[in-house]
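K.L.:
Provided below: query-v7.cif, containing mmCIF, C-alpha atoms.
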data_coords
loop_
_atom_site.group_PDB
_atom_site.id
_atom_site.type_symbol
_atom_site.label_atom_id
_atom_site.label_comp_id
_atom_site.auth_asym_id
_atom_site.auth_seq_id
_atom_site.Cartn_x
_atom_site.Cartn_y
_atom_site.Cartn_z
ATOM 1 C CA MET A 1 -69.459 -49.093 -54.466
ATOM 2 C CA THR A 2 -66.019 -50.636 -54.535
ATOM 3 C CA ASP A 3 -64.034 -47.889 -56.254
ATOM 4 C CA ILE A 4 -64.368 -44.878 -53.951
ATOM 5 C CA LEU A 5 -61.586 -42.283 -53.975
ATOM 6 C CA ASP A 6 -61.075 -40.662 -50.563
ATOM 7 C CA ILE A 7 -59.555 -37.180 -50.852
ATOM 8 C CA HIS A 8 -59.052 -36.462 -47.128
ATOM 9 C CA SER A 9 -57.049 -38.854 -44.949
ATOM 10 C CA HIS A 10 -54.378 -38.742 -42.272
ATOM 11 C CA ILE A 11 -52.937 -42.127 -43.085
ATOM 12 C CA LEU A 12 -49.204 -41.404 -43.057
ATOM 13 C CA PRO A 13 -47.590 -42.444 -39.762
ATOM 14 C CA GLU A 14 -45.989 -39.936 -37.400
ATOM 15 C CA MET A 15 -46.667 -36.912 -39.605
ATOM 16 C CA ASP A 16 -49.414 -35.300 -37.553
ATOM 17 C CA ASP A 17 -52.269 -36.435 -35.297
ATOM 18 C CA GLY A 18 -53.106 -39.244 -37.727
ATOM 19 C CA ALA A 19 -51.764 -42.811 -37.833
ATOM 20 C CA ALA A 20 -49.302 -43.396 -35.005
ATOM 21 C CA SER A 21 -47.464 -46.234 -36.753
ATOM 22 C CA VAL A 22 -47.240 -48.213 -39.979
ATOM 23 C CA LYS A 23 -49.235 -50.955 -38.270
ATOM 24 C CA GLU A 24 -52.124 -48.615 -37.492
ATOM 25 C CA ALA A 25 -51.987 -47.214 -41.035
ATOM 26 C CA ILE A 26 -52.363 -50.731 -42.437
ATOM 27 C CA TYR A 27 -55.351 -51.411 -40.164
ATOM 28 C CA MET A 28 -56.950 -48.175 -41.340
ATOM 29 C CA LEU A 29 -56.396 -49.055 -44.994
ATOM 30 C CA LYS A 30 -57.827 -52.535 -44.480
ATOM 31 C CA GLU A 31 -60.949 -51.062 -42.863
ATOM 32 C CA ALA A 32 -61.271 -48.524 -45.678
ATOM 33 C CA ALA A 33 -60.891 -51.155 -48.407
ATOM 34 C CA GLU A 34 -63.555 -53.356 -46.825
ATOM 35 C CA GLN A 35 -66.005 -50.443 -47.215
ATOM 36 C CA GLY A 36 -65.246 -49.812 -50.876
ATOM 37 C CA ILE A 37 -62.396 -47.285 -50.786
ATOM 38 C CA ALA A 38 -59.920 -48.166 -53.535
ATOM 39 C CA ALA A 39 -57.614 -45.137 -53.530
ATOM 40 C CA MET A 40 -56.932 -42.047 -51.466
ATOM 41 C CA ILE A 41 -55.032 -38.813 -51.202
ATOM 42 C CA ALA A 42 -52.926 -38.582 -48.062
ATOM 43 C CA THR A 43 -53.374 -35.131 -46.532
ATOM 44 C CA PRO A 44 -51.093 -34.588 -43.524
ATOM 45 C CA HIS A 45 -51.622 -31.282 -41.783
ATOM 46 C CA PHE A 46 -49.660 -28.149 -42.387
ATOM 47 C CA SER A 47 -50.446 -25.824 -39.486
ATOM 48 C CA GLY A 48 -48.862 -23.979 -36.622
ATOM 49 C CA ARG A 49 -48.564 -27.257 -34.739
ATOM 50 C CA TYR A 50 -47.506 -29.455 -37.657
ATOM 51 C CA GLN A 51 -44.892 -27.783 -39.837
ATOM 52 C CA ASN A 52 -44.840 -30.448 -42.515
ATOM 53 C CA LYS A 53 -42.795 -28.646 -45.148
ATOM 54 C CA CYS A 54 -41.384 -31.933 -46.404
ATOM 55 C CA PRO A 55 -42.964 -32.928 -49.750
ATOM 56 C CA GLU A 56 -40.384 -35.595 -50.555
ATOM 57 C CA ARG A 57 -40.931 -37.302 -47.202
ATOM 58 C CA ILE A 58 -44.686 -37.315 -47.825
ATOM 59 C CA ARG A 59 -44.181 -38.846 -51.284
ATOM 60 C CA GLU A 60 -41.797 -41.420 -49.851
ATOM 61 C CA LEU A 61 -44.268 -42.436 -47.138
ATOM 62 C CA CYS A 62 -47.064 -42.786 -49.698
ATOM 63 C CA ARG A 63 -44.925 -45.259 -51.651
ATOM 64 C CA GLU A 64 -43.846 -47.122 -48.509
ATOM 65 C CA ILE A 65 -47.398 -47.540 -47.191
ATOM 66 C CA GLU A 66 -48.610 -48.675 -50.627
ATOM 67 C CA GLU A 67 -45.892 -51.332 -50.757
ATOM 68 C CA GLN A 68 -46.426 -52.448 -47.161
ATOM 69 C CA THR A 69 -50.170 -52.749 -47.723
ATOM 70 C CA GLU A 70 -49.627 -54.955 -50.745
ATOM 71 C CA LYS A 71 -47.164 -57.086 -48.795
ATOM 72 C CA GLU A 72 -49.389 -57.570 -45.738
ATOM 73 C CA LEU A 73 -52.900 -57.509 -47.216
ATOM 74 C CA GLY A 74 -52.295 -58.890 -50.689
ATOM 75 C CA TYR A 75 -53.629 -55.912 -52.628
ATOM 76 C CA ARG A 76 -52.328 -52.489 -53.526
ATOM 77 C CA MET A 77 -54.214 -49.335 -52.608
ATOM 78 C CA GLN A 78 -53.135 -46.234 -54.461
ATOM 79 C CA ILE A 79 -52.051 -43.474 -52.073
ATOM 80 C CA LEU A 80 -51.396 -40.098 -53.631
ATOM 81 C CA PRO A 81 -49.607 -37.157 -51.997
ATOM 82 C CA GLY A 82 -51.398 -34.044 -50.777
ATOM 83 C CA GLN A 83 -51.803 -31.885 -47.684
ATOM 84 C CA GLU A 84 -54.468 -30.239 -45.573
ATOM 85 C CA ILE A 85 -53.231 -26.680 -45.327
ATOM 86 C CA PHE A 86 -54.243 -24.280 -42.587
ATOM 87 C CA TYR A 87 -54.746 -21.048 -44.467
ATOM 88 C CA THR A 88 -52.149 -18.329 -43.947
ATOM 89 C CA GLY A 89 -50.977 -15.537 -46.186
ATOM 90 C CA ASP A 90 -47.608 -17.193 -46.824
ATOM 91 C CA MET A 91 -49.032 -20.506 -48.057
ATOM 92 C CA PHE A 92 -48.692 -19.316 -51.649
ATOM 93 C CA SER A 93 -44.966 -18.686 -51.456
ATOM 94 C CA LEU A 94 -44.560 -22.087 -49.785
ATOM 95 C CA LEU A 95 -46.580 -23.740 -52.556
ATOM 96 C CA ASP A 96 -44.655 -21.895 -55.258
ATOM 97 C CA ARG A 97 -41.338 -22.974 -53.724
ATOM 98 C CA GLY A 98 -42.512 -26.579 -53.535
ATOM 99 C CA GLU A 99 -42.450 -26.674 -49.728
ATOM 100 C CA LEU A 100 -46.148 -27.579 -49.520
ATOM 101 C CA LEU A 101 -48.156 -29.996 -51.643
ATOM 102 C CA THR A 102 -51.263 -29.469 -53.671
ATOM 103 C CA MET A 103 -53.688 -32.378 -54.105
ATOM 104 C CA ALA A 104 -52.016 -35.094 -56.196
ATOM 105 C CA ASP A 105 -49.835 -32.469 -57.929
ATOM 106 C CA SER A 106 -52.855 -30.627 -59.327
ATOM 107 C CA ARG A 107 -53.964 -27.005 -58.859
ATOM 108 C CA TYR A 108 -56.433 -28.118 -56.177
ATOM 109 C CA VAL A 109 -55.569 -27.273 -52.560
ATOM 110 C CA LEU A 110 -57.337 -28.627 -49.480
ATOM 111 C CA VAL A 111 -57.620 -25.762 -47.002
ATOM 112 C CA GLU A 112 -58.990 -25.258 -43.519
ATOM 113 C CA CYS A 113 -59.300 -22.399 -41.057
ATOM 114 C CA LEU A 114 -60.527 -22.005 -37.501
ATOM 115 C CA PRO A 115 -64.153 -23.151 -36.963
ATOM 116 C CA GLY A 116 -65.108 -19.682 -35.720
ATOM 117 C CA THR A 117 -63.733 -17.852 -38.750
ATOM 118 C CA SER A 118 -66.144 -15.225 -40.058
ATOM 119 C CA TYR A 119 -67.887 -15.584 -43.388
ATOM 120 C CA ALA A 120 -66.178 -12.422 -44.647
ATOM 121 C CA ASP A 121 -62.744 -13.921 -43.905
ATOM 122 C CA ILE A 122 -63.636 -17.226 -45.564
ATOM 123 C CA PHE A 123 -64.910 -15.335 -48.608
ATOM 124 C CA ARG A 124 -61.671 -13.344 -48.821
ATOM 125 C CA MET A 125 -59.646 -16.550 -48.421
ATOM 126 C CA VAL A 126 -61.430 -18.184 -51.348
ATOM 127 C CA ARG A 127 -60.983 -15.089 -53.519
ATOM 128 C CA LYS A 128 -57.263 -14.920 -52.710
ATOM 129 C CA ILE A 129 -56.667 -18.607 -53.469
ATOM 130 C CA VAL A 130 -58.473 -18.317 -56.798
ATOM 131 C CA MET A 131 -56.539 -15.138 -57.658
ATOM 132 C CA GLU A 132 -53.349 -17.149 -57.097
ATOM 133 C CA GLN A 133 -54.671 -19.632 -59.684
ATOM 134 C CA TYR A 134 -55.364 -22.523 -57.321
ATOM 135 C CA TYR A 135 -58.664 -24.367 -56.867
ATOM 136 C CA PRO A 136 -59.702 -24.211 -53.193
ATOM 137 C CA ILE A 137 -61.396 -27.197 -51.557
ATOM 138 C CA LEU A 138 -62.885 -26.209 -48.193
ATOM 139 C CA ALA A 139 -62.183 -29.103 -45.824
ATOM 140 C CA HIS A 140 -64.897 -30.497 -43.533
ATOM 141 C CA ILE A 141 -67.384 -27.753 -44.352
ATOM 142 C CA GLU A 142 -69.668 -28.809 -41.499
ATOM 143 C CA ARG A 143 -67.325 -27.277 -38.919
ATOM 144 C CA TYR A 144 -68.065 -23.707 -39.956
ATOM 145 C CA LYS A 145 -71.261 -22.481 -38.352
ATOM 146 C CA GLU A 146 -70.888 -19.227 -40.272
ATOM 147 C CA LEU A 147 -71.641 -21.247 -43.410
ATOM 148 C CA ARG A 148 -74.905 -22.804 -42.190
ATOM 149 C CA ASP A 149 -76.694 -20.878 -44.919
ATOM 150 C CA ILE A 150 -77.001 -22.328 -48.398
ATOM 151 C CA ASN A 151 -76.859 -18.836 -49.897
ATOM 152 C CA LYS A 152 -73.375 -18.388 -48.425
ATOM 153 C CA ILE A 153 -72.296 -21.781 -49.784
ATOM 154 C CA GLU A 154 -73.561 -20.783 -53.214
ATOM 155 C CA GLU A 155 -71.701 -17.462 -53.038
ATOM 156 C CA LEU A 156 -68.447 -19.266 -52.221
ATOM 157 C CA GLU A 157 -68.985 -21.747 -55.029
ATOM 158 C CA GLU A 158 -69.593 -18.872 -57.438
ATOM 159 C CA GLN A 159 -66.181 -17.520 -56.416
ATOM 160 C CA GLY A 160 -64.545 -20.859 -57.245
ATOM 161 C CA ALA A 161 -64.705 -22.829 -53.988
ATOM 162 C CA TYR A 162 -65.307 -26.570 -53.827
ATOM 163 C CA ILE A 163 -66.976 -28.167 -50.820
ATOM 164 C CA GLN A 164 -65.722 -31.245 -48.954
ATOM 165 C CA MET A 165 -67.794 -32.910 -46.252
ATOM 166 C CA ASN A 166 -66.842 -35.696 -43.830
ATOM 167 C CA TYR A 167 -68.769 -38.963 -44.017
ATOM 168 C CA HIS A 168 -69.069 -39.131 -40.252
ATOM 169 C CA SER A 169 -71.128 -35.951 -40.153
ATOM 170 C CA VAL A 170 -73.689 -37.396 -42.571
ATOM 171 C CA GLY A 171 -74.086 -40.689 -40.763
ATOM 172 C CA GLY A 172 -74.782 -39.143 -37.358
ATOM 173 C CA ARG A 173 -77.985 -39.052 -35.319
ATOM 174 C CA TRP A 174 -81.056 -37.668 -37.066
ATOM 175 C CA TYR A 175 -81.639 -35.191 -34.239
ATOM 176 C CA SER A 176 -78.134 -33.712 -34.553
ATOM 177 C CA GLU A 177 -78.288 -30.164 -35.927
ATOM 178 C CA GLN A 178 -75.012 -30.755 -37.780
ATOM 179 C CA THR A 179 -76.204 -34.008 -39.343
ATOM 180 C CA ARG A 180 -79.485 -32.441 -40.462
ATOM 181 C CA TRP A 181 -77.629 -29.532 -42.053
ATOM 182 C CA CYS A 182 -75.178 -31.849 -43.829
ATOM 183 C CA ARG A 183 -77.988 -33.936 -45.236
ATOM 184 C CA LYS A 184 -79.824 -30.835 -46.424
ATOM 185 C CA LEU A 185 -76.695 -29.618 -48.205
ATOM 186 C CA LEU A 186 -76.324 -32.994 -49.897
ATOM 187 C CA LYS A 187 -79.958 -33.019 -50.991
ATOM 188 C CA GLU A 188 -79.340 -29.601 -52.553
ATOM 189 C CA GLU A 189 -76.288 -31.129 -54.316
ATOM 190 C CA LYS A 190 -73.958 -28.433 -52.994
ATOM 191 C CA VAL A 191 -71.183 -30.834 -51.940
ATOM 192 C CA HIS A 192 -68.394 -31.745 -54.371
ATOM 193 C CA PHE A 193 -66.353 -34.255 -52.370
ATOM 194 C CA MET A 194 -66.826 -36.664 -49.480
ATOM 195 C CA GLY A 195 -63.881 -37.574 -47.275
ATOM 196 C CA THR A 196 -63.215 -39.871 -44.338
ATOM 197 C CA ASP A 197 -60.780 -37.503 -42.592
ATOM 198 C CA MET A 198 -59.535 -40.730 -41.001
ATOM 199 C CA HIS A 199 -56.983 -40.298 -38.225
ATOM 200 C CA ASN A 200 -56.824 -43.534 -36.241
ATOM 201 C CA MET A 201 -58.622 -46.769 -35.355
ATOM 202 C CA LYS A 202 -60.207 -45.422 -32.162
ATOM 203 C CA ASN A 203 -62.450 -42.388 -32.431
ATOM 204 C CA ARG A 204 -61.691 -41.269 -36.020
ATOM 205 C CA LYS A 205 -61.856 -44.471 -38.029
ATOM 206 C CA PRO A 206 -62.581 -44.728 -41.757
ATOM 207 C CA ASP A 207 -66.216 -45.653 -41.121
ATOM 208 C CA ILE A 208 -68.457 -44.637 -44.013
ATOM 209 C CA ARG A 209 -71.218 -47.268 -43.740
ATOM 210 C CA ALA A 210 -73.914 -45.131 -42.082
ATOM 211 C CA ALA A 211 -73.311 -42.223 -44.455
ATOM 212 C CA LEU A 212 -73.430 -44.462 -47.520
ATOM 213 C CA SER A 213 -76.641 -46.065 -46.329
ATOM 214 C CA TRP A 214 -78.321 -42.689 -45.930
ATOM 215 C CA MET A 215 -77.024 -41.386 -49.270
ATOM 216 C CA GLN A 216 -78.193 -44.462 -51.165
ATOM 217 C CA SER A 217 -81.693 -43.962 -49.738
ATOM 218 C CA HIS A 218 -81.963 -40.203 -50.329
ATOM 219 C CA LEU A 219 -79.681 -39.111 -53.191
ATOM 220 C CA ALA A 220 -79.553 -39.801 -56.913
ATOM 221 C CA ASN A 221 -77.031 -42.481 -57.875
ATOM 222 C CA THR A 222 -75.417 -40.174 -60.426
ATOM 223 C CA TYR A 223 -74.739 -37.566 -57.736
ATOM 224 C CA ILE A 224 -73.377 -40.189 -55.343
ATOM 225 C CA ARG A 225 -70.928 -41.323 -58.026
ATOM 226 C CA LYS A 226 -69.789 -37.743 -58.524
ATOM 227 C CA ILE A 227 -69.026 -36.963 -54.885
ATOM 228 C CA LEU A 228 -67.465 -40.361 -54.125
ATOM 229 C CA LYS A 229 -65.395 -40.847 -57.269
ATOM 230 C CA LYS A 230 -65.971 -38.816 -60.433
ATOM 231 C CA ASN A 231 -65.171 -35.397 -58.985
ATOM 232 C CA ALA A 232 -62.090 -36.787 -57.243
ATOM 233 C CA GLU A 233 -60.888 -38.108 -60.597
ATOM 234 C CA LYS A 234 -60.993 -34.517 -61.840
ATOM 235 C CA ILE A 235 -58.347 -33.710 -59.231
ATOM 236 C CA LEU A 236 -56.091 -36.447 -60.589
ATOM 237 C CA GLN A 237 -56.611 -35.089 -64.106
ATOM 238 C CA ASN A 238 -56.091 -31.505 -62.893
ATOM 239 C CA GLU A 239 -59.401 -30.484 -64.451
ATOM 240 C CA LYS A 240 -62.041 -28.175 -63.052
ATOM 241 C CA ILE A 241 -65.347 -29.756 -62.097
#
Just give me the structure of the file as structure tokens.

P.N.:
Amino acid sequence: MTDILDIHSHILPEMDDGAASVKEAIYMLKEAAEQGIAAMIATPHFSGRYQNKCPERIRELCREIEEQTEKELGYRMQILPGQEIFYTGDMFSLLDRGELLTMADSRYVLVECLPGTSYADIFRMVRKIVMEQYYPILAHIERYKELRDINKIEELEEQGAYIQMNYHSVGGRWYSEQTRWCRKLLKEEKVHFMGTDMHNMKNRKPDIRAALSWMQSHLANTYIRKILKKNAEKILQNEKI
């Protein structure tokens, strides 16, 4: 595929623990483009450590990196504004006041919590987000051992949750418990979005080759298209999947 839309990336320089400079951001985008990624949503952290309540700065950086990429690489990659929000009770007032960003100005929000968060708390989080009329996307679902049960995933989806998984977790070693679980979830078609969660060019690169190879051998092409592009387009159109 050459038209993948990546919904989870830390590409904007000096916003969080992602790209350290414009130069590194350009390297990351070049690597992503060579693997078929044509557009992405930039999702800098909002958390206790990274208080990125600066939507206009995020939008400005998206435009700047787009322009710099075209200047240096000769092609333009669309970079849309978003955030990865660490769930707290006041996130809704921040969203309503425009201090935090949804995904590409839609009703979708990319949310995370601590890996050890209980299932009951995750369930309540999803219910609360839906009650506030947002569409919750659970970031890097593989981190939550409390959710290593397809029945729990199905219950969350019934409440309105969408599931995002990182490519790296799919392309791991076959004997990895996490990799086996991720592949099982994909075979059950319980994942809505794939994301690179790219942070840098060292240990968190935009490397999707191994995951794509496995998916092309084990999943239906129609489902692959959904989780790599079609579902992400629903975000841009602000439509439910």

K.L.:
CA of Ala210 (chain A) to CA of Lys226 (chain A): how many Å, to one decimal?

P.N.:
18.5 Å

K.L.:
What is the distance, in Å and to one decimal place, between CA of Ile79 (chain A) and CA of Pro44 (chain A)?

P.N.:
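Answer for the CA of Ile79 (chain A) to CA of Pro44 (chain A) separation: 12.4 Å.
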
K.L.:
Carefully work through the PyMOL selection byres ((chain A and resi 8-22) around 6) for this structure and note down the residues it includes, as a ChimeraX atom specification.

P.N.:
/A:6-7,23-25,42-44,195,197-200

K.L.:
For Ile26 (chain A), which residue among A:Tyr75, A:Tyr108, A:Phe46, A:Tyr175 is the nearest when counting all atoms listed in the file?

P.N.:
A:Tyr75

K.L.:
May I have the residues within 10 Å of Thr102 (chain A) as a ChimeraX atom specification, using all atoms listed in the file and disregarding those fewer than 6 positions away in the same chain?

P.N.:
/A:43,55,81-85,95,108-111,134-136,235

K.L.:
Let me make sure I understand: among A:Arg173, A:Arg107, A:Lys152, A:Arg209, which one has the smallest atom-to-atom distance to Leu185 (chain A) if we use only C-alpha atoms?

P.N.:
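Ranked by minimum distance to Leu185 (chain A), first place goes to A:Lys152.
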
K.L.:
Decode the PyMOL selection byres ((chain A and resi 147) around 12) for the given file into explicit residues and return them as an MDAnalysis selection string.

P.N.:
chainID A and resid 115:123 138 140:146 148:157 163 178 181:182 185

K.L.:
What's the separation between CA of Thr88 (chain A) and CA of Arg49 (chain A), in Å to one decimal place?

P.N.:
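CA of Thr88 (chain A) sits 13.3 Å away from CA of Arg49 (chain A).
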
K.L.:
Find the residue from A:Gly48, A:Glu188, A:Glu70, A:Met40 that sits nearest to Met103 (chain A); use only C-alpha atoms when measuring.

P.N.:
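Looking at the shortest contact to Met103 (chain A), the residue is A:Met40.
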
K.L.:
Exactly which residues make up the result of the PyMOL selection byres ((chain A and resi 186) around 12) on this file, given as number ranges by chain?

P.N.:
A: 141-142, 150, 153, 163-167, 169-170, 179-185, 187-194, 211, 214-216, 218-220, 223-224, 226-227

K.L.:
Mind writing the picked residues with C-alpha atoms as a PDB file, keeping the file's coordinate frame?

P.N.:
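Written output follows (out.pdb):
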ATOM      1  CA  ILE A 141     -67.384 -27.753 -44.352  1.00  0.00           C
ATOM      2  CA  GLU A 142     -69.668 -28.809 -41.499  1.00  0.00           C
ATOM      3  CA  ILE A 150     -77.001 -22.328 -48.398  1.00  0.00           C
ATOM      4  CA  ILE A 153     -72.296 -21.781 -49.784  1.00  0.00           C
ATOM      5  CA  ILE A 163     -66.976 -28.167 -50.820  1.00  0.00           C
ATOM      6  CA  GLN A 164     -65.722 -31.245 -48.954  1.00  0.00           C
ATOM      7  CA  MET A 165     -67.794 -32.910 -46.252  1.00  0.00           C
ATOM      8  CA  ASN A 166     -66.842 -35.696 -43.830  1.00  0.00           C
ATOM      9  CA  TYR A 167     -68.769 -38.963 -44.017  1.00  0.00           C
ATOM     10  CA  SER A 169     -71.128 -35.951 -40.153  1.00  0.00           C
ATOM     11  CA  VAL A 170     -73.689 -37.396 -42.571  1.00  0.00           C
ATOM     12  CA  THR A 179     -76.204 -34.008 -39.343  1.00  0.00           C
ATOM     13  CA  ARG A 180     -79.485 -32.441 -40.462  1.00  0.00           C
ATOM     14  CA  TRP A 181     -77.629 -29.532 -42.053  1.00  0.00           C
ATOM     15  CA  CYS A 182     -75.178 -31.849 -43.829  1.00  0.00           C
ATOM     16  CA  ARG A 183     -77.988 -33.936 -45.236  1.00  0.00           C
ATOM     17  CA  LYS A 184     -79.824 -30.835 -46.424  1.00  0.00           C
ATOM     18  CA  LEU A 185     -76.695 -29.618 -48.205  1.00  0.00           C
ATOM     19  CA  LYS A 187     -79.958 -33.019 -50.991  1.00  0.00           C
ATOM     20  CA  GLU A 188     -79.340 -29.601 -52.553  1.00  0.00           C
ATOM     21  CA  GLU A 189     -76.288 -31.129 -54.316  1.00  0.00           C
ATOM     22  CA  LYS A 190     -73.958 -28.433 -52.994  1.00  0.00           C
ATOM     23  CA  VAL A 191     -71.183 -30.834 -51.940  1.00  0.00           C
ATOM     24  CA  HIS A 192     -68.394 -31.745 -54.371  1.00  0.00           C
ATOM     25  CA  PHE A 193     -66.353 -34.255 -52.370  1.00  0.00           C
ATOM     26  CA  MET A 194     -66.826 -36.664 -49.480  1.00  0.00           C
ATOM     27  CA  ALA A 211     -73.311 -42.223 -44.455  1.00  0.00           C
ATOM     28  CA  TRP A 214     -78.321 -42.689 -45.930  1.00  0.00           C
ATOM     29  CA  MET A 215     -77.024 -41.386 -49.270  1.00  0.00           C
ATOM     30  CA  GLN A 216     -78.193 -44.462 -51.165  1.00  0.00           C
ATOM     31  CA  HIS A 218     -81.963 -40.203 -50.329  1.00  0.00           C
ATOM     32  CA  LEU A 219     -79.681 -39.111 -53.191  1.00  0.00           C
ATOM     33  CA  ALA A 220     -79.553 -39.801 -56.913  1.00  0.00           C
ATOM     34  CA  TYR A 223     -74.739 -37.566 -57.736  1.00  0.00           C
ATOM     35  CA  ILE A 224     -73.377 -40.189 -55.343  1.00  0.00           C
ATOM     36  CA  LYS A 226     -69.789 -37.743 -58.524  1.00  0.00           C
ATOM     37  CA  ILE A 227     -69.026 -36.963 -54.885  1.00  0.00           C
TER      38      ILE A 227
END

K.L.:
Closest to Cys62 (chain A) among A:Glu239, A:Ala104, A:Ala232, A:Tyr87, using only C-alpha atoms?

P.N.:
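For Cys62 (chain A), the nearest of the candidates is A:Ala104.
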
K.L.:
Nearest to Ala38 (chain A) among A:Leu101, A:Tyr50, A:Leu228, A:Ser217, with distances taken over all atoms listed in the file: which residue is it?

P.N.:
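Under the stated criterion, the closest residue is A:Leu228.
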
K.L.:
Measuring between all atoms listed in the file, which one of A:Leu212, A:Ala161, A:Ile41, A:Arg59 shows the shortest distance to Gln78 (chain A)?

P.N.:
A:Ile41

K.L.:
Tell me which protein, DNA and RNA residues are within 8 Å of Lys229 (chain A), counting only C-alpha atoms, leaving out same-chain ones fewer than 6 positions away, and put them as a PDB file with C-alpha atoms, in the coordinates of the input.

P.N.:
ATOM      1  CA  ASP A   3     -64.034 -47.889 -56.254  1.00  0.00           C
ATOM      2  CA  ILE A   4     -64.368 -44.878 -53.951  1.00  0.00           C
ATOM      3  CA  LEU A   5     -61.586 -42.283 -53.975  1.00  0.00           C
ATOM      4  CA  ASP A   6     -61.075 -40.662 -50.563  1.00  0.00           C
TER       5      ASP A   6
END

K.L.:
Reconstruct N, CA and C atoms of region 141-152 of chain A; output as a short mmCIF file (atom, residue, chain, number, x, y, z; two decimals), in the coordinates of the input.

P.N.:
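rebuild-v5.cif, freshly written:
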data_model
loop_
_atom_site.label_atom_id
_atom_site.label_comp_id
_atom_site.auth_asym_id
_atom_site.auth_seq_id
_atom_site.Cartn_x
_atom_site.Cartn_y
_atom_site.Cartn_z
N ILE A 141 -66.57 -28.97 -44.32
CA ILE A 141 -67.38 -27.75 -44.35
C ILE A 141 -68.33 -27.64 -43.17
N GLU A 142 -68.69 -28.79 -42.59
CA GLU A 142 -69.67 -28.81 -41.50
C GLU A 142 -69.16 -28.13 -40.22
N ARG A 143 -67.88 -27.88 -40.13
CA ARG A 143 -67.32 -27.28 -38.92
C ARG A 143 -67.59 -25.77 -38.82
N TYR A 144 -67.96 -25.17 -39.93
CA TYR A 144 -68.06 -23.71 -39.96
C TYR A 144 -69.51 -23.27 -39.81
N LYS A 145 -69.87 -22.88 -38.59
CA LYS A 145 -71.26 -22.48 -38.35
C LYS A 145 -71.63 -21.22 -39.12
N GLU A 146 -70.64 -20.43 -39.47
CA GLU A 146 -70.89 -19.23 -40.27
C GLU A 146 -71.41 -19.58 -41.67
N LEU A 147 -71.22 -20.83 -42.07
CA LEU A 147 -71.64 -21.25 -43.41
C LEU A 147 -72.94 -22.05 -43.40
N ARG A 148 -73.65 -22.06 -42.27
CA ARG A 148 -74.90 -22.80 -42.19
C ARG A 148 -76.04 -22.05 -42.90
N ASP A 149 -75.75 -21.64 -44.10
CA ASP A 149 -76.69 -20.88 -44.92
C ASP A 149 -76.35 -21.23 -46.36
N ILE A 150 -77.28 -21.87 -47.04
CA ILE A 150 -77.00 -22.33 -48.40
C ILE A 150 -76.65 -21.17 -49.32
N ASN A 151 -77.20 -19.99 -49.07
CA ASN A 151 -76.86 -18.84 -49.90
C ASN A 151 -75.37 -18.51 -49.80
N LYS A 152 -74.81 -18.65 -48.60
CA LYS A 152 -73.38 -18.39 -48.42
C LYS A 152 -72.54 -19.45 -49.14
#
